[in-house]
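Working notes for the structure below.
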Amino acid sequence: MKIDLQRFTRETLDQIPVLRCMQPRFSQFDSLSLRLHAPLAANINDKHTAFGGSIAALATVAGWALTTLIARQAGHHCDVVVACSQLNYKAPVDADFYFLARTAAAARETLLSALAAGDKGRLDVDVAVMLEQRVMAEFNGEYVAG
């Protein structure tokens, strides 16, 4: 199934209204990764860097979106939730930034096998918060789909 990321962005903003203020934009999805862009101006704090809460929320959304799109690409329209996560900040983000969500091929196959069997599946997703080519924070989340 072909994925339309502009449409997916609109659907996500409609379903999760708080994200409208953060202005995320999804791009470059493949079967194992997804990129989400975010402008600093919409996510800025009093120190003129990206607000930690925005980074946490958008990293969670990047993992949720990757899990959702992997399932949809395989023909499974299901609910996806984050079960647990961890986020480590490395440096302040002081310009527009992006999130690179990735999963392993074996984890993807395990998720899709569970969904095909009518069960709930789990997917481990790593998300790097990037400023140009520098990793500014690292997120890991476990998502449940079904």
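Ordering of the structure tokens sets the chain letters (A, B, ...), residue numbers begin anew at 1 in every chain, and ligands are numbered from 1 in the order given.
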
List as a Markdown table every residue of stretch 10-80 of chain A that is in contact with stretch 124-142 of chain A, defined as an atom at most 12 Å from one of its atoms (using only C-alpha atoms), together with the nearest atom pair and the distance in Å rounded to one decimal, sorted by chain and then rising number.
```
| residue | atom | partner | partner_atom | distance |
| --- | --- | --- | --- | --- |
| A:Leu32 | CA | A:Val125 | CA | 9.5 |
| A:Ser33 | CA | A:Val125 | CA | 9.2 |
| A:Leu34 | CA | A:Val127 | CA | 9.2 |
| A:Arg35 | CA | A:Val127 | CA | 9.3 |
| A:Leu36 | CA | A:Val129 | CA | 9.5 |
| A:His37 | CA | A:Met130 | CA | 9.4 |
| A:Ala38 | CA | A:Val129 | CA | 10.2 |
| A:Pro39 | CA | A:Leu131 | CA | 11.0 |
| A:Leu40 | CA | A:Leu131 | CA | 10.5 |
| A:Thr49 | CA | A:Met136 | CA | 11.6 |
| A:Ala50 | CA | A:Met136 | CA | 10.6 |
| A:Gly52 | CA | A:Ala137 | CA | 9.9 |
| A:Ser54 | CA | A:Val129 | CA | 11.3 |
| A:Ile55 | CA | A:Val129 | CA | 7.8 |
| A:Ala56 | CA | A:Phe139 | CA | 8.1 |
| A:Ala57 | CA | A:Phe139 | CA | 10.6 |
| A:Leu58 | CA | A:Val129 | CA | 9.3 |
| A:Ala59 | CA | A:Val127 | CA | 6.4 |
| A:Thr60 | CA | A:Gly141 | CA | 7.3 |
| A:Val61 | CA | A:Val127 | CA | 10.0 |
| A:Ala62 | CA | A:Val127 | CA | 7.3 |
| A:Gly63 | CA | A:Val125 | CA | 5.8 |
| A:Trp64 | CA | A:Val125 | CA | 8.7 |
| A:Ala65 | CA | A:Val125 | CA | 10.4 |
| A:Leu66 | CA | A:Val125 | CA | 8.1 |
| A:Thr67 | CA | A:Val125 | CA | 8.1 |
| A:Thr68 | CA | A:Val125 | CA | 11.7 |
| A:Ile70 | CA | A:Val125 | CA | 11.6 |
| A:Val80 | CA | A:Glu142 | CA | 10.4 |
```

Please, could you write that set of residues out with N, CA and C atoms as a PDB file, in the first residue's frame?
```pdb
ATOM      1  N   LEU A  32      11.377   0.782   7.295  1.00  0.00           N
ATOM      2  CA  LEU A  32      12.076   0.702   8.578  1.00  0.00           C
ATOM      3  C   LEU A  32      12.361   2.048   9.227  1.00  0.00           C
ATOM      4  N   SER A  33      12.053   3.160   8.551  1.00  0.00           N
ATOM      5  CA  SER A  33      12.385   4.462   9.129  1.00  0.00           C
ATOM      6  C   SER A  33      11.422   5.548   8.665  1.00  0.00           C
ATOM      7  N   LEU A  34      11.401   6.609   9.448  1.00  0.00           N
ATOM      8  CA  LEU A  34      10.549   7.764   9.168  1.00  0.00           C
ATOM      9  C   LEU A  34      11.255   9.009   9.676  1.00  0.00           C
ATOM     10  N   ARG A  35      11.138  10.075   8.907  1.00  0.00           N
ATOM     11  CA  ARG A  35      11.684  11.364   9.328  1.00  0.00           C
ATOM     12  C   ARG A  35      10.527  12.316   9.619  1.00  0.00           C
ATOM     13  N   LEU A  36      10.647  13.046  10.735  1.00  0.00           N
ATOM     14  CA  LEU A  36       9.669  14.062  11.140  1.00  0.00           C
ATOM     15  C   LEU A  36      10.431  15.361  11.360  1.00  0.00           C
ATOM     16  N   HIS A  37      10.007  16.430  10.709  1.00  0.00           N
ATOM     17  CA  HIS A  37      10.649  17.742  10.840  1.00  0.00           C
ATOM     18  C   HIS A  37       9.835  18.623  11.776  1.00  0.00           C
ATOM     19  N   ALA A  38      10.537  19.507  12.510  1.00  0.00           N
ATOM     20  CA  ALA A  38       9.863  20.436  13.424  1.00  0.00           C
ATOM     21  C   ALA A  38      10.589  21.782  13.411  1.00  0.00           C
ATOM     22  N   PRO A  39       9.835  22.874  13.340  1.00  0.00           N
ATOM     23  CA  PRO A  39      10.469  24.191  13.381  1.00  0.00           C
ATOM     24  C   PRO A  39      10.756  24.621  14.822  1.00  0.00           C
ATOM     25  N   LEU A  40      11.904  25.235  15.029  1.00  0.00           N
ATOM     26  CA  LEU A  40      12.240  25.732  16.360  1.00  0.00           C
ATOM     27  C   LEU A  40      11.229  26.775  16.821  1.00  0.00           C
ATOM     28  N   THR A  49      15.814  27.819  22.954  1.00  0.00           N
ATOM     29  CA  THR A  49      16.126  26.492  22.429  1.00  0.00           C
ATOM     30  C   THR A  49      14.823  25.698  22.408  1.00  0.00           C
ATOM     31  N   ALA A  50      14.872  24.526  21.818  1.00  0.00           N
ATOM     32  CA  ALA A  50      13.662  23.699  21.751  1.00  0.00           C
ATOM     33  C   ALA A  50      13.223  23.280  23.151  1.00  0.00           C
ATOM     34  N   GLY A  52      11.933  21.060  25.991  1.00  0.00           N
ATOM     35  CA  GLY A  52      12.088  19.622  26.239  1.00  0.00           C
ATOM     36  C   GLY A  52      10.788  18.859  26.109  1.00  0.00           C
ATOM     37  N   SER A  54       8.327  19.550  24.063  1.00  0.00           N
ATOM     38  CA  SER A  54       8.071  19.378  22.624  1.00  0.00           C
ATOM     39  C   SER A  54       8.921  18.246  22.067  1.00  0.00           C
ATOM     40  N   ILE A  55      10.179  18.213  22.458  1.00  0.00           N
ATOM     41  CA  ILE A  55      11.065  17.146  21.985  1.00  0.00           C
ATOM     42  C   ILE A  55      10.520  15.792  22.420  1.00  0.00           C
ATOM     43  N   ALA A  56      10.114  15.679  23.679  1.00  0.00           N
ATOM     44  CA  ALA A  56       9.572  14.412  24.184  1.00  0.00           C
ATOM     45  C   ALA A  56       8.299  14.016  23.441  1.00  0.00           C
ATOM     46  N   ALA A  57       7.391  14.976  23.269  1.00  0.00           N
ATOM     47  CA  ALA A  57       6.130  14.677  22.583  1.00  0.00           C
ATOM     48  C   ALA A  57       6.368  14.281  21.133  1.00  0.00           C
ATOM     49  N   LEU A  58       7.217  15.023  20.432  1.00  0.00           N
ATOM     50  CA  LEU A  58       7.442  14.742  19.017  1.00  0.00           C
ATOM     51  C   LEU A  58       8.245  13.455  18.797  1.00  0.00           C
ATOM     52  N   ALA A  59       9.147  13.136  19.712  1.00  0.00           N
ATOM     53  CA  ALA A  59       9.855  11.855  19.613  1.00  0.00           C
ATOM     54  C   ALA A  59       8.869  10.703  19.799  1.00  0.00           C
ATOM     55  N   THR A  60       7.959  10.846  20.746  1.00  0.00           N
ATOM     56  CA  THR A  60       6.926   9.829  20.962  1.00  0.00           C
ATOM     57  C   THR A  60       6.053   9.693  19.724  1.00  0.00           C
ATOM     58  N   VAL A  61       5.684  10.817  19.131  1.00  0.00           N
ATOM     59  CA  VAL A  61       4.856  10.802  17.923  1.00  0.00           C
ATOM     60  C   VAL A  61       5.609  10.179  16.749  1.00  0.00           C
ATOM     61  N   ALA A  62       6.895  10.453  16.630  1.00  0.00           N
ATOM     62  CA  ALA A  62       7.681   9.864  15.540  1.00  0.00           C
ATOM     63  C   ALA A  62       7.663   8.337  15.627  1.00  0.00           C
ATOM     64  N   GLY A  63       7.840   7.795  16.828  1.00  0.00           N
ATOM     65  CA  GLY A  63       7.778   6.345  17.005  1.00  0.00           C
ATOM     66  C   GLY A  63       6.395   5.792  16.753  1.00  0.00           C
ATOM     67  N   TRP A  64       5.371   6.506  17.231  1.00  0.00           N
ATOM     68  CA  TRP A  64       3.983   6.103  16.991  1.00  0.00           C
ATOM     69  C   TRP A  64       3.689   6.102  15.492  1.00  0.00           C
ATOM     70  N   ALA A  65       4.127   7.149  14.810  1.00  0.00           N
ATOM     71  CA  ALA A  65       3.875   7.266  13.370  1.00  0.00           C
ATOM     72  C   ALA A  65       4.572   6.154  12.596  1.00  0.00           C
ATOM     73  N   LEU A  66       5.825   5.855  12.943  1.00  0.00           N
ATOM     74  CA  LEU A  66       6.523   4.772  12.255  1.00  0.00           C
ATOM     75  C   LEU A  66       5.776   3.460  12.443  1.00  0.00           C
ATOM     76  N   THR A  67       5.371   3.157  13.658  1.00  0.00           N
ATOM     77  CA  THR A  67       4.629   1.925  13.939  1.00  0.00           C
ATOM     78  C   THR A  67       3.316   1.898  13.155  1.00  0.00           C
ATOM     79  N   THR A  68       2.594   3.003  13.175  1.00  0.00           N
ATOM     80  CA  THR A  68       1.319   3.109  12.466  1.00  0.00           C
ATOM     81  C   THR A  68       1.502   2.900  10.972  1.00  0.00           C
ATOM     82  N   ILE A  70       4.019   1.427   9.332  1.00  0.00           N
ATOM     83  CA  ILE A  70       4.438   0.054   9.023  1.00  0.00           C
ATOM     84  C   ILE A  70       3.218  -0.851   8.973  1.00  0.00           C
ATOM     85  N   VAL A  80      -2.474   2.167  17.762  1.00  0.00           N
ATOM     86  CA  VAL A  80      -1.084   2.086  18.214  1.00  0.00           C
ATOM     87  C   VAL A  80      -0.936   2.978  19.435  1.00  0.00           C
TER      88      VAL A  80
END
```

- request: Would you mind listing what lies within 9 Å of A:Phe8 as a VMD selection string, with only C-alpha atoms counted and same-chain residues fewer than 3 positions away left out?
  value: chain A and resid 3 to 5 11 to 13 26 65 69

Writer output for current selection, N, CA and C atoms, as a compact mmCIF listing (two decimals), in the first residue's frame:
```
# COMPACT_ATOMS: atom_id res chain seq x y z
N ILE A 3 1.88 5.00 0.81
CA ILE A 3 1.61 5.90 1.92
C ILE A 3 1.77 7.34 1.43
N ASP A 4 0.75 8.17 1.66
CA ASP A 4 0.77 9.60 1.34
C ASP A 4 1.09 10.35 2.64
N LEU A 5 2.34 10.82 2.77
CA LEU A 5 2.76 11.45 4.02
C LEU A 5 2.10 12.80 4.27
N GLU A 11 -4.06 14.00 8.80
CA GLU A 11 -4.85 13.12 9.67
C GLU A 11 -4.33 13.16 11.10
N THR A 12 -3.03 13.14 11.25
CA THR A 12 -2.42 13.14 12.59
C THR A 12 -2.74 14.45 13.31
N LEU A 13 -2.64 15.57 12.62
CA LEU A 13 -2.93 16.86 13.23
C LEU A 13 -4.41 16.98 13.60
N PHE A 26 5.89 15.08 8.43
CA PHE A 26 6.50 13.78 8.17
C PHE A 26 7.09 13.74 6.77
N ALA A 65 4.13 7.15 14.81
CA ALA A 65 3.87 7.27 13.37
C ALA A 65 4.57 6.15 12.60
N LEU A 69 2.51 3.54 10.38
CA LEU A 69 2.72 3.46 8.94
C LEU A 69 3.20 2.07 8.51
```

task: Find the distance between atom CA of A:Ala105 and atom CA of A:Tyr89 and write it in Å to one decimal.
output: 26.4 Å

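With only C-alpha atoms as the basis for measurement, A:Asn45 is the residue among A:Asn45, A:Asp30, A:Lys2, A:Gln23 that approaches A:Val93 most closely.
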
task: Step one, run DSSP on the backbone; step two, keep only residues of chain A assigned to strand (DSSP E or B); then write them as a count of residues only.
output: 50
